[in-house]
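K.L.:
Next comes start22.txt, compact mmCIF, C-alpha atoms:
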```
# COMPACT_ATOMS: atom_id res chain seq x y z
CA MET A 1 -53.70 101.61 0.42
CA GLY A 2 -50.82 99.38 -0.77
CA ILE A 3 -48.50 99.99 -3.73
CA THR A 4 -47.25 97.36 -6.20
CA SER A 5 -43.67 97.27 -7.53
CA SER A 6 -44.90 99.18 -10.61
CA GLY A 7 -46.25 101.95 -8.44
CA ASN A 8 -49.93 101.09 -8.91
CA PRO A 9 -52.20 100.83 -5.87
CA TYR A 10 -53.51 97.30 -5.28
CA ALA A 11 -55.80 97.74 -2.28
CA TRP A 12 -58.02 100.44 -0.89
CA VAL A 13 -58.87 100.35 2.79
CA VAL A 14 -61.74 102.28 4.29
CA GLY A 15 -61.91 102.71 8.07
CA GLY A 16 -64.80 103.76 10.23
CA LYS A 17 -65.00 104.41 13.96
CA PHE A 18 -68.00 103.00 15.86
CA TYR A 19 -68.40 102.62 19.63
CA ASN A 20 -64.65 103.06 20.21
CA THR A 21 -63.80 100.30 17.73
CA TYR A 22 -62.50 100.45 14.18
CA THR A 23 -63.95 98.48 11.28
CA TYR A 24 -62.03 98.19 8.04
CA HIS A 25 -63.25 97.11 4.61
CA SER A 26 -60.64 96.28 1.97
CA TRP A 27 -60.79 95.39 -1.71
CA ILE A 28 -57.99 94.02 -3.91
CA GLY A 29 -57.73 95.72 -7.29
CA TYR A 30 -56.15 98.54 -9.27
CA ALA A 31 -56.50 102.29 -9.33
CA GLY A 32 -58.87 102.03 -12.28
CA VAL A 33 -61.56 100.46 -10.09
CA LYS A 34 -61.46 103.09 -7.37
CA SER A 35 -64.71 104.69 -8.59
CA TRP A 36 -66.42 101.28 -8.48
CA ILE A 37 -65.11 100.70 -4.94
CA ASP A 38 -66.38 104.10 -3.82
CA GLU A 39 -69.79 103.39 -5.34
CA ALA A 40 -69.97 99.92 -3.74
CA LEU A 41 -69.09 101.32 -0.32
CA SER A 42 -71.73 104.02 -0.68
CA SER A 43 -74.29 101.41 -1.67
CA ASP A 44 -73.36 99.13 1.25
CA THR A 45 -73.63 102.00 3.70
CA ALA A 46 -77.07 102.87 2.42
CA LYS A 47 -78.51 99.35 2.35
CA VAL A 48 -76.69 97.24 4.92
CA ARG A 49 -76.95 98.09 8.60
CA PHE A 50 -73.59 97.84 10.35
CA THR A 51 -73.82 95.67 13.46
CA PRO A 52 -71.05 96.45 15.96
CA PHE A 53 -69.39 93.46 17.67
CA TYR A 54 -66.96 94.42 20.35
CA HIS A 55 -65.46 93.57 23.73
CA GLY A 56 -66.37 95.73 26.68
CA THR A 57 -67.04 96.18 30.39
CA VAL A 58 -70.64 97.08 31.18
CA ASP A 59 -72.71 97.41 34.35
CA PHE A 60 -76.09 95.85 33.56
CA SER A 61 -79.06 95.90 35.92
CA ASP A 62 -78.27 92.31 36.99
CA GLY A 63 -74.50 92.63 37.41
CA HIS A 64 -71.04 93.62 36.18
CA TYR A 65 -70.17 92.09 32.78
CA VAL A 66 -66.85 91.80 30.95
CA GLY A 67 -66.89 90.25 27.49
CA GLU A 68 -68.21 90.38 23.97
CA LEU A 69 -71.27 92.40 22.96
CA ARG A 70 -73.32 92.95 19.83
CA ASP A 71 -75.67 95.91 19.53
CA GLY A 72 -75.14 96.44 23.26
CA LEU A 73 -76.31 92.90 24.12
CA ARG A 74 -74.18 90.20 25.71
CA THR A 75 -73.33 87.94 22.77
CA GLY A 76 -70.24 85.75 22.39
CA THR A 77 -68.13 84.86 25.42
CA GLY A 78 -68.04 86.78 28.66
CA SER A 79 -68.05 86.79 32.45
CA ILE A 80 -70.44 88.35 34.92
CA ILE A 81 -70.58 88.93 38.65
CA TYR A 82 -74.28 89.11 39.50
CA ASN A 83 -75.72 91.42 42.13
CA ASP A 84 -76.40 88.37 44.34
CA PHE A 85 -72.68 87.37 43.99
CA ARG A 86 -73.17 84.47 41.59
CA THR A 87 -70.51 84.33 38.90
CA TYR A 88 -70.85 83.02 35.35
CA ASN A 89 -68.22 82.53 32.68
CA GLY A 90 -69.14 81.21 29.28
CA GLU A 91 -71.17 81.72 26.14
CA TRP A 92 -73.96 84.24 25.56
CA SER A 93 -76.48 84.96 22.83
CA GLY A 94 -79.03 87.74 22.69
CA ASP A 95 -78.20 88.90 26.24
CA LYS A 96 -78.85 85.42 27.71
CA ARG A 97 -76.65 82.54 28.76
CA ASN A 98 -76.68 80.20 25.77
CA GLY A 99 -74.13 77.49 25.01
CA TYR A 100 -71.49 76.17 27.40
CA GLY A 101 -70.91 78.00 30.66
CA GLU A 102 -69.84 77.63 34.27
CA GLN A 103 -71.67 79.23 37.18
CA MET A 104 -70.66 79.44 40.83
CA TRP A 105 -72.93 80.41 43.73
CA PRO A 106 -71.92 82.16 46.98
CA ALA A 107 -71.50 80.06 50.13
CA SER A 108 -74.96 81.05 51.39
CA ASN A 109 -76.70 79.24 48.51
CA LYS A 110 -77.75 75.57 48.43
CA TYR A 111 -75.91 75.13 45.11
CA ASN A 112 -72.14 75.22 44.69
CA GLU A 113 -71.50 75.09 40.93
CA TYR A 114 -72.92 74.13 37.56
CA LYS A 115 -70.83 73.34 34.51
CA GLY A 116 -72.55 72.53 31.25
CA ASN A 117 -74.93 73.70 28.56
CA TRP A 118 -77.38 76.58 28.87
CA MET A 119 -80.42 77.72 26.92
CA ASN A 120 -82.27 81.00 27.53
CA ASP A 121 -80.52 81.57 30.88
CA LEU A 122 -81.26 78.06 32.25
CA PRO A 123 -79.24 74.82 32.42
CA ASP A 124 -80.38 72.80 29.41
CA GLY A 125 -78.61 69.84 27.81
CA GLU A 126 -75.69 67.98 29.38
CA GLY A 127 -74.13 69.29 32.56
CA THR A 128 -72.95 68.72 36.12
CA LEU A 129 -74.56 70.34 39.16
CA ILE A 130 -72.92 70.18 42.58
CA TRP A 131 -74.93 71.05 45.68
CA ARG A 132 -73.46 72.63 48.80
CA ASP A 133 -74.23 69.42 50.78
CA GLY A 134 -72.06 67.37 48.39
CA THR A 135 -74.80 65.97 46.14
CA LYS A 136 -73.50 65.71 42.57
CA TYR A 137 -75.67 65.17 39.49
CA THR A 138 -74.26 64.60 36.02
CA GLY A 139 -76.59 64.15 33.08
CA GLY A 140 -79.37 65.81 31.14
CA PHE A 141 -81.20 69.02 32.04
CA LYS A 142 -84.26 70.76 30.64
CA GLY A 143 -85.16 74.20 31.90
CA ALA A 144 -82.89 73.71 34.96
CA LEU A 145 -84.63 70.40 35.85
CA TYR A 146 -83.02 66.95 35.75
CA ASN A 147 -84.19 65.39 32.52
CA GLY A 148 -82.97 62.34 30.59
CA LYS A 149 -80.17 59.96 31.52
CA GLY A 150 -78.35 60.90 34.69
CA HIS A 151 -75.99 59.85 37.47
CA ILE A 152 -76.43 61.17 40.99
CA GLU A 153 -74.20 60.79 44.03
CA ARG A 154 -75.58 61.52 47.51
CA PRO A 155 -73.66 62.57 50.65
CA ASN A 156 -74.58 59.24 52.31
CA GLY A 157 -72.69 57.35 49.58
CA ASP A 158 -75.73 56.22 47.54
CA ILE A 159 -75.28 56.37 43.75
CA ARG A 160 -78.16 56.12 41.32
CA ASP A 161 -78.02 55.72 37.55
CA GLY A 162 -81.24 56.08 35.63
CA THR A 163 -83.63 58.40 33.86
CA TRP A 164 -85.32 61.58 35.02
CA ALA A 165 -88.42 63.26 33.61
CA LEU A 166 -88.52 66.93 34.66
CA ASP A 167 -86.84 66.32 38.05
CA LYS A 168 -88.66 63.04 38.78
CA MET A 169 -87.04 59.61 38.48
CA GLU A 170 -88.77 57.41 35.94
CA GLY A 171 -88.43 53.73 34.99
CA GLU A 172 -85.53 51.46 35.92
CA VAL A 173 -82.81 52.80 38.21
CA ILE A 174 -79.68 51.10 39.50
CA LEU A 175 -78.82 51.98 43.09
CA THR A 176 -75.33 51.30 44.44
CA THR A 177 -75.01 51.85 48.18
CA LYS A 178 -71.87 52.94 50.05
CA ASP A 179 -70.94 49.31 50.84
CA GLY A 180 -71.21 48.30 47.17
CA THR A 181 -74.60 46.58 47.33
CA LYS A 182 -76.64 46.99 44.14
CA TRP A 183 -80.41 47.27 43.78
CA LYS A 184 -82.62 47.44 40.72
CA GLU A 185 -85.34 49.95 41.46
CA ALA A 186 -88.44 50.97 39.50
CA TYR A 187 -89.89 54.49 39.66
CA SER A 188 -93.10 56.07 38.46
CA ASP A 189 -93.64 59.82 38.63
CA GLY A 190 -90.73 60.12 41.03
CA LYS A 191 -91.98 57.44 43.43
CA ARG A 192 -90.18 54.14 43.98
CA ILE A 193 -92.58 51.28 43.31
CA SER A 194 -90.18 48.34 43.67
CA ALA A 195 -86.60 47.41 44.59
CA VAL A 196 -84.81 44.11 43.98
CA LYS A 197 -81.31 43.33 45.24
CA ILE A 198 -78.98 42.22 42.44
```
Have the structure of the file written as structure tokens, please.

P.N.:
Amino acid sequence: MGITSSGNPYAWVVGGKFYNTYTYHSWIGYAGVKSWIDEALSSDTAKVRFTPFYHGTVDFSDGHYVGELRDGLRTGTGSIIYNDFRTYNGEWSGDKRNGYGEQMWPASNKYNEYKGNWMNDLPDGEGTLIWRDGTKYTGGFKGALYNGKGHIERPNGDIRDGTWALDKMEGEVILTTKDGTKWKEAYSDGKRISAVKI
């Protein structure tokens, strides 16, 4: 509660402890409205469910998480070390990776890292995936599959710019080889059907 220069209270603050956090509700007013404030708080408590949003460290069944939670679910921003030693740092919603995030795999995996958008725990939207062998793809994803416009660099120096449809190249693709030679390729269902040097 604060006091004005005339000695009248101008704010009432109500605190409540929940899951080791404190939530405060405050109203600006005068002592004469205290009964209304008390009644409003009572009404809110009866009708509106309080949803805790807090930062914590939790061991889930899939790994060790440090970050924001809501109702005990990973929601907001946070980091996890999975049981298989993958690491993820980024945005969460409803206990799943949603939004922008960065994931690293251990050295034993064929993937090295992914940086980009996620939806329902899978790469979805724009992102960059780097394989352990040096392959690098930057472009669209859908359900962890290459999808939409993309750019891929291979360990042998080949670079392709084109369109993917659920992991399969589709339509016109421009291939640039290590020596700088360019080819216009055509793909259908992931299979190259023609190639013309340009």

K.L.:
Quick one: residues within 10 Å of A:Thr87, all atoms listed in the file, excluding same-chain residues fewer than 3 positions away - as a compact mmCIF listing (two decimals) with C-alpha atoms, keeping the file's coordinate frame?

P.N.:
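Everything below was put into out04.txt:
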```
# COMPACT_ATOMS: atom_id res chain seq x y z
CA GLY A 63 -74.50 92.63 37.41
CA HIS A 64 -71.04 93.62 36.18
CA TYR A 65 -70.17 92.09 32.78
CA SER A 79 -68.05 86.79 32.45
CA ILE A 80 -70.44 88.35 34.92
CA ILE A 81 -70.58 88.93 38.65
CA TYR A 82 -74.28 89.11 39.50
CA ASN A 83 -75.72 91.42 42.13
CA ASP A 84 -76.40 88.37 44.34
CA GLU A 102 -69.84 77.63 34.27
CA GLN A 103 -71.67 79.23 37.18
CA MET A 104 -70.66 79.44 40.83
CA TRP A 105 -72.93 80.41 43.73
CA PRO A 106 -71.92 82.16 46.98
CA GLU A 113 -71.50 75.09 40.93
```

K.L.:
What separation in Å, quoted to one decimal, exists between atom CA of A:Asn112 and atom CA of A:Glu91?

P.N.:
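Pair atom CA of A:Asn112 / atom CA of A:Glu91 returns 19.7 Å.
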
K.L.:
I'd like to know which of A:Trp164, A:Trp131, A:Trp118, A:Phe141 is closest to A:Lys191, using only C-alpha atoms.

P.N.:
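Nearest candidate to A:Lys191 out of A:Trp164, A:Trp131, A:Trp118, A:Phe141: A:Trp164.
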
K.L.:
List as a PyMOL selection string the residues having at least one atom at most 12 Å from position (-73.6, 59.6, 50.6) as given in the file, counting all atoms listed in the file.

P.N.:
chain A and resi 133-136+152-160+175-179

K.L.:
What is the atom CA of A:Gly150-atom CA of A:Tyr114 distance in Å, reported with one decimal?

P.N.:
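One can read the atom CA of A:Gly150 to atom CA of A:Tyr114 distance as 14.6 Å.
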
K.L.:
Rounded to one decimal place, report the atom CA of A:Ser108-atom CA of A:Arg86 distance in Å.

P.N.:
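One can read the atom CA of A:Ser108 to atom CA of A:Arg86 distance as 10.5 Å.
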
K.L.:
Taking 3 positions as the minimum chain separation for residues in the same chain, which residues sit within 8 Å of A:Gly143 when counting all atoms listed in the file? Answer as a list in words.

P.N.:
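The filter keeps Met119, Leu122, Pro123 and Asp124 of chain A.
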
K.L.:
Using only C-alpha atoms, which residues sit within 10 Å of A:Asp95 once same-chain residues fewer than 4 positions away are excluded, as an MDAnalysis selection string?

P.N.:
chainID A and resid 69:70 72:76 120:121

K.L.:
Choose the residue, out of A:Asp62, A:Arg192, A:Ser93, A:Tyr88, that has the smallest atom-to-atom separation from A:Lys115; count only C-alpha atoms.

P.N.:
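Checking each of A:Asp62, A:Arg192, A:Ser93, A:Tyr88 against A:Lys115, counting only C-alpha atoms, the winner is A:Tyr88.
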
K.L.:
When you look at A:Gly140 with a cut-off of 7 Å (counting all atoms listed in the file), what residues show up, excluding the ones that are within fewer than 6 positions of it in the same chain? I need them as a ChimeraX atom specification.

P.N.:
/A:125-127,146-150

K.L.:
Could you pull the residues within 8 Å of A:Gly162, counting only C-alpha atoms, minus those fewer than 5 positions along the same chain, as a PyMOL selection string?

P.N.:
chain A and resi 149-151+169-174

K.L.:
I'd like to know which of A:Lys184, A:Asn117, A:Phe60, A:Asp71 is closest to A:Asn89, using only C-alpha atoms.

P.N.:
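Closest residue, counting only C-alpha atoms: A:Asn117.
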
K.L.:
Using all atoms listed in the file and a cutoff of 6 Å, can you tell me which residues are near (-65.6, 94.3, 31.3) in the file's coordinates, and write them out as number ranges by chain?

P.N.:
A: 56-58, 65-67

K.L.:
Between A:Thr138, A:Ala195, A:Ala165, A:Thr77, which one has atoms that come closest to A:Gly99, using all atoms listed in the file?

P.N.:
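Using all atoms listed in the file, A:Gly99 sits closest to A:Thr77.
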